[in-house]
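Raw entry09.cif, mmCIF, C-alpha atoms:
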data_data
loop_
_atom_site.label_atom_id
_atom_site.label_comp_id
_atom_site.auth_asym_id
_atom_site.auth_seq_id
_atom_site.Cartn_x
_atom_site.Cartn_y
_atom_site.Cartn_z
CA MET R 919 -23.79 170.11 -51.97
CA ARG R 920 -20.32 169.85 -53.30
CA ARG R 921 -19.79 173.56 -52.88
CA THR R 922 -20.94 173.41 -49.28
CA LEU R 923 -18.52 170.59 -48.61
CA LEU R 924 -15.64 172.50 -50.16
CA LEU R 925 -16.44 175.57 -48.10
CA ALA R 926 -16.59 173.46 -44.97
CA LEU R 927 -13.25 171.89 -45.81
CA ALA R 928 -11.72 175.29 -46.48
CA GLY R 929 -13.07 176.47 -43.14
CA LEU R 930 -11.50 173.49 -41.40
CA LEU R 931 -8.17 174.14 -43.03
CA VAL R 932 -8.16 177.76 -41.96
CA ALA R 933 -9.19 176.83 -38.41
CA GLY R 934 -6.53 174.12 -38.31
CA ALA R 935 -3.81 176.47 -39.48
CA ALA R 936 -4.81 179.04 -36.89
CA MET R 937 -4.78 176.60 -34.00
CA ALA R 938 -1.73 174.52 -34.76
CA HIS R 939 1.56 176.35 -35.15
CA GLU R 940 3.34 175.66 -38.38
CA TYR R 941 6.53 176.61 -40.09
CA SER R 942 7.65 176.46 -43.70
CA VAL R 943 11.13 176.24 -45.10
CA GLY R 944 11.74 175.44 -48.75
CA SER R 945 9.35 172.64 -49.66
CA LEU R 946 8.98 171.51 -46.06
CA LYS R 947 6.13 172.16 -43.70
CA ILE R 948 6.78 171.67 -40.00
CA GLY R 949 3.74 171.06 -37.82
CA HIS R 950 3.24 171.79 -34.14
CA PRO R 951 6.60 171.34 -32.42
CA TRP R 952 5.87 170.36 -28.79
CA SER R 953 7.54 168.89 -25.74
CA ARG R 954 6.41 167.17 -22.61
CA PRO R 955 7.07 168.82 -19.27
CA THR R 956 10.03 167.14 -17.58
CA PRO R 957 10.46 166.06 -13.95
CA ALA R 958 12.58 168.11 -11.55
CA GLY R 959 16.27 167.84 -12.28
CA ALA R 960 15.73 166.04 -15.58
CA VAL R 961 18.64 166.60 -17.95
CA ALA R 962 16.92 165.24 -21.05
CA GLY R 963 13.67 166.09 -22.77
CA GLY R 964 11.92 165.04 -25.96
CA GLY R 965 10.79 167.26 -28.82
CA PHE R 966 8.09 166.22 -31.24
CA LEU R 967 6.75 167.58 -34.53
CA THR R 968 5.71 166.57 -38.03
CA ILE R 969 7.63 167.30 -41.21
CA THR R 970 5.87 167.18 -44.57
CA ASN R 971 7.85 167.29 -47.78
CA THR R 972 5.66 168.96 -50.42
CA GLY R 973 8.48 169.07 -52.96
CA LYS R 974 9.80 166.67 -55.57
CA GLU R 975 13.20 166.05 -53.96
CA PRO R 976 14.01 164.05 -50.86
CA ASP R 977 15.29 166.10 -47.93
CA ARG R 978 16.84 165.26 -44.59
CA LEU R 979 16.69 166.68 -41.08
CA LEU R 980 20.38 166.85 -40.24
CA SER R 981 20.79 168.59 -36.90
CA GLY R 982 19.65 171.42 -34.72
CA ALA R 983 20.41 173.57 -31.73
CA THR R 984 18.54 175.20 -28.89
CA THR R 985 19.35 177.71 -26.19
CA ALA R 986 17.37 175.56 -23.71
CA ALA R 987 19.86 172.67 -23.70
CA ASP R 988 23.49 171.88 -24.38
CA ARG R 989 22.67 169.71 -27.39
CA LEU R 990 19.88 168.83 -29.75
CA GLU R 991 20.05 165.38 -31.34
CA ILE R 992 17.78 163.35 -33.58
CA HIS R 993 16.94 159.98 -32.06
CA GLU R 994 14.79 156.96 -32.58
CA MET R 995 13.26 155.15 -29.66
CA SER R 996 11.73 151.70 -29.76
CA VAL R 997 10.29 149.16 -27.36
CA THR R 998 10.82 145.66 -28.72
CA ASP R 999 10.18 142.52 -26.66
CA GLY R 1000 9.86 144.71 -23.59
CA ILE R 1001 13.27 146.37 -24.02
CA MET R 1002 13.45 150.14 -24.53
CA ARG R 1003 16.21 151.21 -26.87
CA MET R 1004 17.21 154.68 -27.97
CA ARG R 1005 19.58 155.42 -30.79
CA ALA R 1006 20.93 158.63 -32.25
CA LEU R 1007 20.43 158.93 -36.00
CA PRO R 1008 23.90 160.11 -37.06
CA ASP R 1009 22.79 160.58 -40.68
CA GLY R 1010 19.65 162.43 -39.67
CA LEU R 1011 16.12 161.65 -40.71
CA ALA R 1012 15.10 161.35 -44.38
CA ILE R 1013 11.87 162.94 -45.56
CA ALA R 1014 10.84 161.55 -48.95
CA PRO R 1015 8.88 163.71 -51.41
CA GLY R 1016 5.18 163.67 -50.61
CA GLN R 1017 5.81 162.11 -47.21
CA THR R 1018 4.99 163.28 -43.71
CA VAL R 1019 7.38 162.03 -41.04
CA LYS R 1020 6.01 162.18 -37.55
CA LEU R 1021 8.36 162.71 -34.60
CA ALA R 1022 6.21 161.49 -31.73
CA PRO R 1023 6.45 159.64 -28.41
CA GLY R 1024 7.49 156.04 -28.98
CA GLY R 1025 9.43 156.66 -32.19
CA TYR R 1026 11.53 159.31 -33.85
CA HIS R 1027 12.09 162.32 -31.64
CA ILE R 1028 14.36 165.23 -30.99
CA MET R 1029 16.43 164.85 -27.85
CA LEU R 1030 17.23 167.95 -25.87
CA ILE R 1031 20.30 166.92 -23.88
CA GLY R 1032 21.62 168.91 -20.94
CA LEU R 1033 18.49 170.95 -20.22
CA LYS R 1034 19.37 174.26 -18.58
CA LYS R 1035 16.17 173.89 -16.54
CA PRO R 1036 13.25 171.44 -16.53
CA LEU R 1037 10.58 172.04 -19.16
CA ALA R 1038 7.36 173.33 -17.60
CA ILE R 1039 3.88 173.52 -19.08
CA GLY R 1040 3.55 176.75 -21.05
CA ASP R 1041 7.27 177.09 -21.72
CA ARG R 1042 8.31 177.99 -25.27
CA VAL R 1043 11.55 176.38 -26.34
CA PRO R 1044 13.23 178.05 -29.29
CA ALA R 1045 15.24 175.81 -31.61
CA ARG R 1046 16.93 175.96 -34.98
CA LEU R 1047 16.59 172.94 -37.24
CA LYS R 1048 18.89 172.30 -40.17
CA PHE R 1049 17.78 170.44 -43.27
CA GLU R 1050 20.06 169.17 -46.03
CA LYS R 1051 18.26 170.99 -48.86
CA ALA R 1052 15.72 173.34 -47.30
CA GLY R 1053 18.34 174.89 -45.01
CA GLU R 1054 17.71 176.24 -41.55
CA VAL R 1055 14.48 177.21 -39.83
CA GLU R 1056 13.65 178.63 -36.42
CA VAL R 1057 10.84 176.85 -34.60
CA THR R 1058 9.33 176.97 -31.13
CA PHE R 1059 8.49 173.87 -29.13
CA LEU R 1060 5.42 174.44 -26.96
CA VAL R 1061 5.64 172.56 -23.67
CA GLY R 1062 2.39 170.90 -22.74
CA ALA R 1063 -0.04 168.31 -23.95
CA PRO R 1064 0.39 166.71 -27.36
CA PRO R 1065 -1.72 168.01 -30.25
CA ALA R 1066 -5.03 166.19 -30.72
CA ASP R 1067 -3.54 163.72 -33.21
CA GLY R 1068 -0.18 163.55 -31.45
CA GLY R 1069 -0.34 159.99 -30.14
CA GLY R 1070 1.79 157.24 -31.61
CA SER R 1071 4.55 157.50 -34.11
CA GLY R 1072 4.98 156.51 -37.69
CA MET R 1073 4.84 157.78 -41.18
CA GLU R 1074 1.93 158.86 -43.28
CA HIS R 1075 1.82 159.17 -47.01
CA HIS R 1076 0.08 162.16 -48.50
CA MET A 933 -3.20 139.55 -20.68
CA ARG A 934 -1.04 139.37 -23.77
CA ARG A 935 0.40 142.72 -22.86
CA ALA A 936 1.33 141.40 -19.45
CA ILE A 937 3.12 138.34 -20.80
CA TRP A 938 5.21 139.63 -23.67
CA PRO A 939 7.84 141.57 -21.74
CA LEU A 940 8.70 138.38 -19.89
CA LEU A 941 9.01 136.35 -23.03
CA GLY A 942 11.15 139.07 -24.52
CA LEU A 943 13.32 139.06 -21.42
CA CYS A 944 13.89 135.38 -21.73
CA LEU A 945 14.94 135.78 -25.34
CA VAL A 946 17.19 138.75 -24.77
CA LEU A 947 18.85 137.41 -21.68
CA GLY A 948 19.35 134.03 -23.27
CA LEU A 949 18.07 132.36 -20.14
CA THR A 950 18.04 128.62 -20.17
CA GLN A 951 15.05 127.18 -21.88
CA THR A 952 13.85 125.65 -18.64
CA SER A 953 13.69 128.88 -16.68
CA CYS A 954 11.74 130.58 -19.47
CA GLU A 955 9.38 127.65 -19.78
CA ARG A 956 8.93 127.68 -16.05
CA SER A 957 8.10 131.34 -15.71
CA ALA A 958 5.65 131.17 -18.61
CA SER A 959 4.08 127.87 -17.62
CA PRO A 960 0.72 128.24 -15.90
CA GLU A 961 0.80 124.77 -14.30
CA LYS A 962 3.98 125.51 -12.36
CA PRO A 963 3.18 128.78 -10.60
CA ALA A 964 5.72 128.17 -7.83
CA ALA A 965 8.58 128.38 -10.32
CA THR A 966 7.82 132.06 -11.02
CA ALA A 967 9.89 132.77 -7.89
CA VAL A 968 12.90 132.79 -10.24
CA ILE A 969 12.19 136.53 -10.64
CA GLY A 970 13.27 138.74 -7.76
CA GLY A 971 15.74 138.03 -5.00
CA PRO A 972 18.00 139.55 -2.38
CA PHE A 973 19.47 143.03 -2.93
CA HIS A 974 21.20 145.70 -0.89
CA LEU A 975 20.66 149.20 -2.24
CA VAL A 976 20.08 152.70 -0.86
CA ASP A 977 16.96 154.83 -1.24
CA GLN A 978 16.70 158.47 -2.29
CA ASP A 979 17.35 159.54 1.30
CA GLY A 980 20.60 157.57 1.36
CA ARG A 981 19.15 154.93 3.71
CA PRO A 982 19.89 151.24 3.17
CA PHE A 983 17.03 149.45 1.43
CA THR A 984 16.95 145.70 0.92
CA ASP A 985 14.56 143.08 -0.37
CA LYS A 986 13.42 142.62 3.24
CA ASP A 987 11.93 146.12 3.16
CA LEU A 988 9.49 144.88 0.51
CA LYS A 989 8.14 141.99 2.56
CA GLY A 990 4.53 142.01 3.67
CA LYS A 991 3.21 144.30 0.94
CA PRO A 992 2.56 143.79 -2.77
CA THR A 993 5.24 145.44 -4.89
CA ALA A 994 5.34 147.21 -8.25
CA ILE A 995 8.97 147.64 -9.33
CA PHE A 996 10.36 149.45 -12.35
CA PHE A 997 13.97 149.74 -13.51
CA GLY A 998 14.99 152.90 -15.36
CA PHE A 999 17.15 156.01 -15.24
CA THR A 1000 16.57 159.73 -14.84
CA PHE A 1001 18.30 160.70 -18.08
CA CYS A 1002 15.56 158.75 -19.89
CA PRO A 1003 13.36 161.20 -21.81
CA GLU A 1004 10.20 159.17 -22.23
CA VAL A 1005 9.68 155.67 -20.88
CA CYS A 1006 10.82 156.42 -17.34
CA PRO A 1007 8.96 159.70 -16.68
CA THR A 1008 5.86 158.24 -18.35
CA THR A 1009 6.00 155.08 -16.26
CA LEU A 1010 6.60 157.08 -13.07
CA ALA A 1011 3.66 159.32 -13.99
CA ASP A 1012 1.56 156.18 -14.55
CA MET A 1013 2.63 154.75 -11.18
CA THR A 1014 1.77 158.09 -9.56
CA ARG A 1015 -1.75 157.73 -11.04
CA TRP A 1016 -2.04 154.19 -9.72
CA LEU A 1017 -1.19 155.34 -6.21
CA ALA A 1018 -3.67 158.20 -6.47
CA ALA A 1019 -6.38 155.80 -7.67
CA LEU A 1020 -5.65 153.42 -4.79
CA GLY A 1021 -6.01 156.29 -2.32
CA PRO A 1022 -5.17 155.19 1.26
CA ASP A 1023 -4.61 151.63 -0.06
CA GLY A 1024 -1.61 153.08 -1.85
CA ASP A 1025 0.16 153.02 1.53
CA ARG A 1026 -0.20 149.23 1.52
CA VAL A 1027 1.88 148.66 -1.66
CA ASN A 1028 5.56 149.19 -2.42
CA VAL A 1029 6.13 151.22 -5.55
CA VAL A 1030 9.81 151.16 -6.40
CA PHE A 1031 12.01 152.75 -9.05
CA VAL A 1032 15.48 151.20 -9.36
CA SER A 1033 18.11 153.10 -11.34
CA ILE A 1034 20.14 151.05 -13.80
CA ASP A 1035 22.37 154.13 -14.23
CA PRO A 1036 23.84 154.43 -10.71
CA THR A 1037 26.82 156.49 -11.91
CA ARG A 1038 24.55 159.44 -12.67
CA ASP A 1039 21.61 158.56 -10.43
CA THR A 1040 22.93 159.24 -6.95
CA PRO A 1041 20.43 159.31 -4.07
CA SER A 1042 20.23 163.11 -4.25
CA VAL A 1043 19.60 163.06 -8.01
CA LEU A 1044 16.86 160.48 -7.46
CA LYS A 1045 15.35 162.51 -4.63
CA HIS A 1046 15.18 165.66 -6.72
CA TYR A 1047 13.76 163.80 -9.72
CA LEU A 1048 11.18 161.82 -7.74
CA GLY A 1049 9.96 165.08 -6.21
CA SER A 1050 7.84 165.39 -9.36
CA PHE A 1051 5.97 162.14 -8.59
CA ASP A 1052 4.04 160.48 -5.76
CA PRO A 1053 6.15 160.74 -2.58
CA ARG A 1054 5.42 157.08 -1.80
CA ILE A 1055 7.61 155.97 -4.73
CA ARG A 1056 10.95 154.69 -3.39
CA GLY A 1057 13.93 155.40 -5.62
CA LEU A 1058 16.81 152.96 -5.27
CA THR A 1059 20.40 153.12 -6.40
CA GLY A 1060 23.71 151.60 -5.35
CA THR A 1061 27.11 150.62 -6.60
CA GLU A 1062 27.48 149.34 -10.17
CA ALA A 1063 27.97 145.84 -8.76
CA GLU A 1064 24.91 146.01 -6.51
CA ILE A 1065 22.74 147.28 -9.34
CA ALA A 1066 24.05 144.56 -11.67
CA ARG A 1067 23.24 141.91 -9.09
CA THR A 1068 19.74 143.31 -8.48
CA ALA A 1069 19.06 143.46 -12.21
CA ARG A 1070 20.16 139.83 -12.53
CA GLU A 1071 17.83 138.79 -9.74
CA TYR A 1072 14.95 140.60 -11.41
CA ARG A 1073 15.83 139.42 -14.93
CA ILE A 1074 16.29 143.02 -16.06
CA TYR A 1075 18.27 143.72 -19.19
CA TYR A 1076 20.24 146.97 -19.35
CA LYS A 1077 23.14 148.21 -21.37
CA LYS A 1078 25.05 151.48 -21.66
CA VAL A 1079 24.98 152.93 -25.18
CA PRO A 1080 27.35 155.81 -26.06
CA LEU A 1081 25.85 158.81 -27.86
CA PRO A 1082 27.78 160.23 -30.81
CA GLY A 1083 27.70 163.74 -29.35
CA GLY A 1084 29.13 162.53 -26.03
CA GLY A 1085 27.62 160.93 -22.97
CA TYR A 1086 25.46 157.86 -23.10
CA THR A 1087 21.95 156.51 -22.87
CA MET A 1088 20.72 153.20 -21.46
CA ASP A 1089 18.80 150.40 -23.11
CA HIS A 1090 16.66 148.67 -20.52
CA THR A 1091 13.66 146.49 -19.82
CA ALA A 1092 10.67 148.80 -19.84
CA GLY A 1093 7.96 146.88 -17.94
CA VAL A 1094 6.72 147.16 -14.37
CA PHE A 1095 7.02 143.87 -12.47
CA LEU A 1096 4.46 142.96 -9.84
CA PHE A 1097 5.00 140.81 -6.77
CA ASP A 1098 2.58 139.64 -4.13
CA ARG A 1099 3.06 140.30 -0.42
CA ASN A 1100 5.22 137.15 -0.14
CA GLY A 1101 7.57 138.29 -2.88
CA GLN A 1102 6.18 135.88 -5.47
CA PHE A 1103 6.26 137.23 -9.00
CA ALA A 1104 2.70 138.14 -9.98
CA GLY A 1105 2.99 139.49 -13.53
CA ALA A 1106 4.41 142.28 -15.63
CA ILE A 1107 2.77 145.42 -16.97
CA GLY A 1108 4.16 146.45 -20.34
CA TYR A 1109 5.06 150.01 -21.31
CA GLY A 1110 2.42 152.26 -22.76
CA GLY A 1111 -1.32 152.05 -23.19
CA ASP A 1112 -3.98 152.97 -20.66
CA PRO A 1113 -2.24 155.03 -17.96
CA ASN A 1114 -4.51 153.39 -15.35
CA ARG A 1115 -3.65 149.83 -16.40
CA GLY A 1116 -1.82 149.06 -13.15
CA VAL A 1117 -4.70 149.93 -10.80
CA GLY A 1118 -6.66 146.68 -11.33
CA PRO A 1119 -3.70 144.33 -10.85
CA LEU A 1120 -2.56 146.20 -7.71
CA ARG A 1121 -6.09 146.10 -6.23
CA GLN A 1122 -6.15 142.39 -6.96
CA LEU A 1123 -2.84 141.90 -5.14
CA LEU A 1124 -4.29 143.83 -2.19
CA GLY A 1125 -7.28 141.49 -2.20
CA ARG A 1126 -9.67 144.33 -2.97
#

Written as structure tokens, how would this file's structure read?
Amino acid sequence: MRRTLLLALAGLLVAGAAMAHEYSVGSLKIGHPWSRPTPAGAVAGGGFLTITNTGKEPDRLLSGATTAADRLEIHEMSVTDGIMRMRALPDGLAIAPGQTVKLAPGGYHIMLIGLKKPLAIGDRVPARLKFEKAGEVEVTFLVGAPPADGGGSGMEHH
Amino acid sequence: MRRAIWPLLGLCLVLGLTQTSCERSASPEKPAATAVIGGPFHLVDQDGRPFTDKDLKGKPTAIFFGFTFCPEVCPTTLADMTRWLAALGPDGDRVNVVFVSIDPTRDTPSVLKHYLGSFDPRIRGLTGTEAEIARTAREYRIYYKKVPLPGGGYTMDHTAGVFLFDRNGQFAGAIGYGGDPNRGVGPLRQLLGR
């Protein structure tokens, strides 16, 4: 029974890894970078992904760049008492050891500012992300629907 | 219901409105006083034509204040409103669905026209001078504020709800951001008497 369960779990993990697109850099795992399509003429777009710190040291997403837009910034969005606010995170986004930080609609996100052209479903947006300890990593944002668990924002502890 | 009420309460708090006007708009036994939301305005639409509060008369209205630089709330809300119009079908012609820019410096009529091309063509996009937008926002109890970005440029904080009005221009409720994308269809049908 237990063996069957383990095999099933292993199967799920393999299937999951094959379907989602993931990146590793240092002790960090980056899950499924994606973006929403943007309306015609839009100059800003959002980028979403998860970052899991499997190491023992805290790390920090510091900055990034993309050829698809003039700038890439790390922002936090909130809706409190009916007011939408968006703020850049000038010190970046901390990722504590053992923690997964979710960049998702309604919360932390990557802002692509000065889009060269609107993001369309199926587009692949290359970007380079820079972490304080893990260094730099090339990722690709897939433009389309969010991953199955992509709704909401927040943090999960592993 | 709770979802519909909270943006208003938040507005009252943020705007620091007098206690009486907040009590009035939230008080069920004084429905007439809800007329404090909405009022005269003189703006232009995405075709550069004058558009005033008089153009809203005679039809229920769903109005949303935002800006095209906005990466999430505004395109999502416009996509939601596009769904509502699709769900209403031909009845969608009997409501005003309006997007007012609170970033008129960047959102010229032609920028609005291009941007709104991605949504239902019945959505009217309105802009105007800074002063006209400020006055309209005051009338509609909309909070907005320019926030500089460290890398240059700016973003806007703003009230994120859709406000509903009946065919006589009486405030009829607010629809908060997020949740069921079809959440506006029922209230609009109700305002149409369907």

query: Could you spell out the hits of the PyMOL selection byres ((chain R) within 6 of (chain A)) on the shown file, as a list in words?
result: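 Expected selection for the PyMOL selection byres ((chain R) within 6 of (chain A)) here is Pro957, Ala958, Gly959, Val961, Ala962, Gly963, Gly964, Asp999, Gly1000, Ile1001, Met1002 and Arg1003 of chain R.
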
If you keep C-alpha atoms, can you produce a file of those selected residues as a JSON list (two decimals), keeping the file's coordinate frame?
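The new file result.json reads:
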[["chain", "number", "residue", "atom", "x", "y", "z"],
["R", 957, "PRO", "CA", 10.46, 166.06, -13.95],
["R", 958, "ALA", "CA", 12.58, 168.11, -11.55],
["R", 959, "GLY", "CA", 16.27, 167.84, -12.28],
["R", 961, "VAL", "CA", 18.64, 166.60, -17.95],
["R", 962, "ALA", "CA", 16.92, 165.24, -21.05],
["R", 963, "GLY", "CA", 13.67, 166.09, -22.77],
["R", 964, "GLY", "CA", 11.92, 165.04, -25.96],
["R", 999, "ASP", "CA", 10.18, 142.52, -26.66],
["R", 1000, "GLY", "CA", 9.86, 144.71, -23.59],
["R", 1001, "ILE", "CA", 13.27, 146.37, -24.02],
["R", 1002, "MET", "CA", 13.45, 150.14, -24.53],
["R", 1003, "ARG", "CA", 16.21, 151.21, -26.87]]

task: Go ahead and compute the interatomic distance for CA of Leu1037 in chain R and CA of Asn1028 in chain A, in Å to one decimal.
output: 28.8 Å

task: Find the distance between CA of Phe1059 in chain R and CA of Gly973 in chain R and write it in Å to one decimal.
output: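 Computing the Euclidean distance for CA of Phe1059 in chain R and CA of Gly973 in chain R yields 24.3 Å.
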
- prompt: How would you write, as a PyMOL selection string, the residues chosen by the PyMOL selection byres ((chain R and resi 1006-1021) around 7) on this structure?
  reply: (chain R and resi 966-981+991-994+1004-1005+1022+1025-1027+1071-1076) or (chain A and resi 1081)

query: Which polymer residues have any atom within 10 Å of an atom of Ser942 in chain R, counting only C-alpha atoms, with same-chain residues fewer than 4 positions away left out, as a list in words?
result: Leu946, Lys947, Ile948, Gly949, Ile969, Thr970, Ala1052, Val1055, Glu1056 and Val1057 of chain R

query: Distance CA of Pro972 in chain A-CA of Asp985 in chain A, one decimal place?
result: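 Spanning CA of Pro972 in chain A to CA of Asp985 in chain A is a straight-line distance of 5.3 Å.
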
query: Which residues come within 7 Å of Ala994 in chain A, counting all atoms listed in the file, excluding same-chain residues fewer than 5 positions away, as a list in words?
result: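 With the cut-off at 7 Å, the set is Asn1028, Val1029, Val1030, Val1094, Phe1095, Leu1096 and Phe1097 of chain A.
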
- request: Name the residues captured by the PyMOL selection byres ((chain A and resi 1069) around 12) when it is applied to the shown file; answer as a PyMOL selection string.
  value: chain A and resi 943+947+969-975+995-998+1032-1035+1058-1060+1062-1068+1070-1077+1090-1091

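Of the residues under consideration (A:Leu1123, A:Val968, A:Val976, A:Leu988), A:Leu1123 shows the shortest atom-to-atom contact distance to Asp1098 in chain A when counting only C-alpha atoms.
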
Nearest to Gly1032 in chain R, chosen from R:Ser996, R:Gly1062, R:Ala983, R:Pro1044, with only C-alpha atoms counted in the distances: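 Closest to Gly1032 in chain R of all the choices is R:Ala983.
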
Nearest to Pro1041 in chain A, chosen from A:Pro992, A:Val1027, A:Ala1019, A:Phe983, with all atoms listed in the file counted in the distances: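 Closest candidate: A:Phe983.
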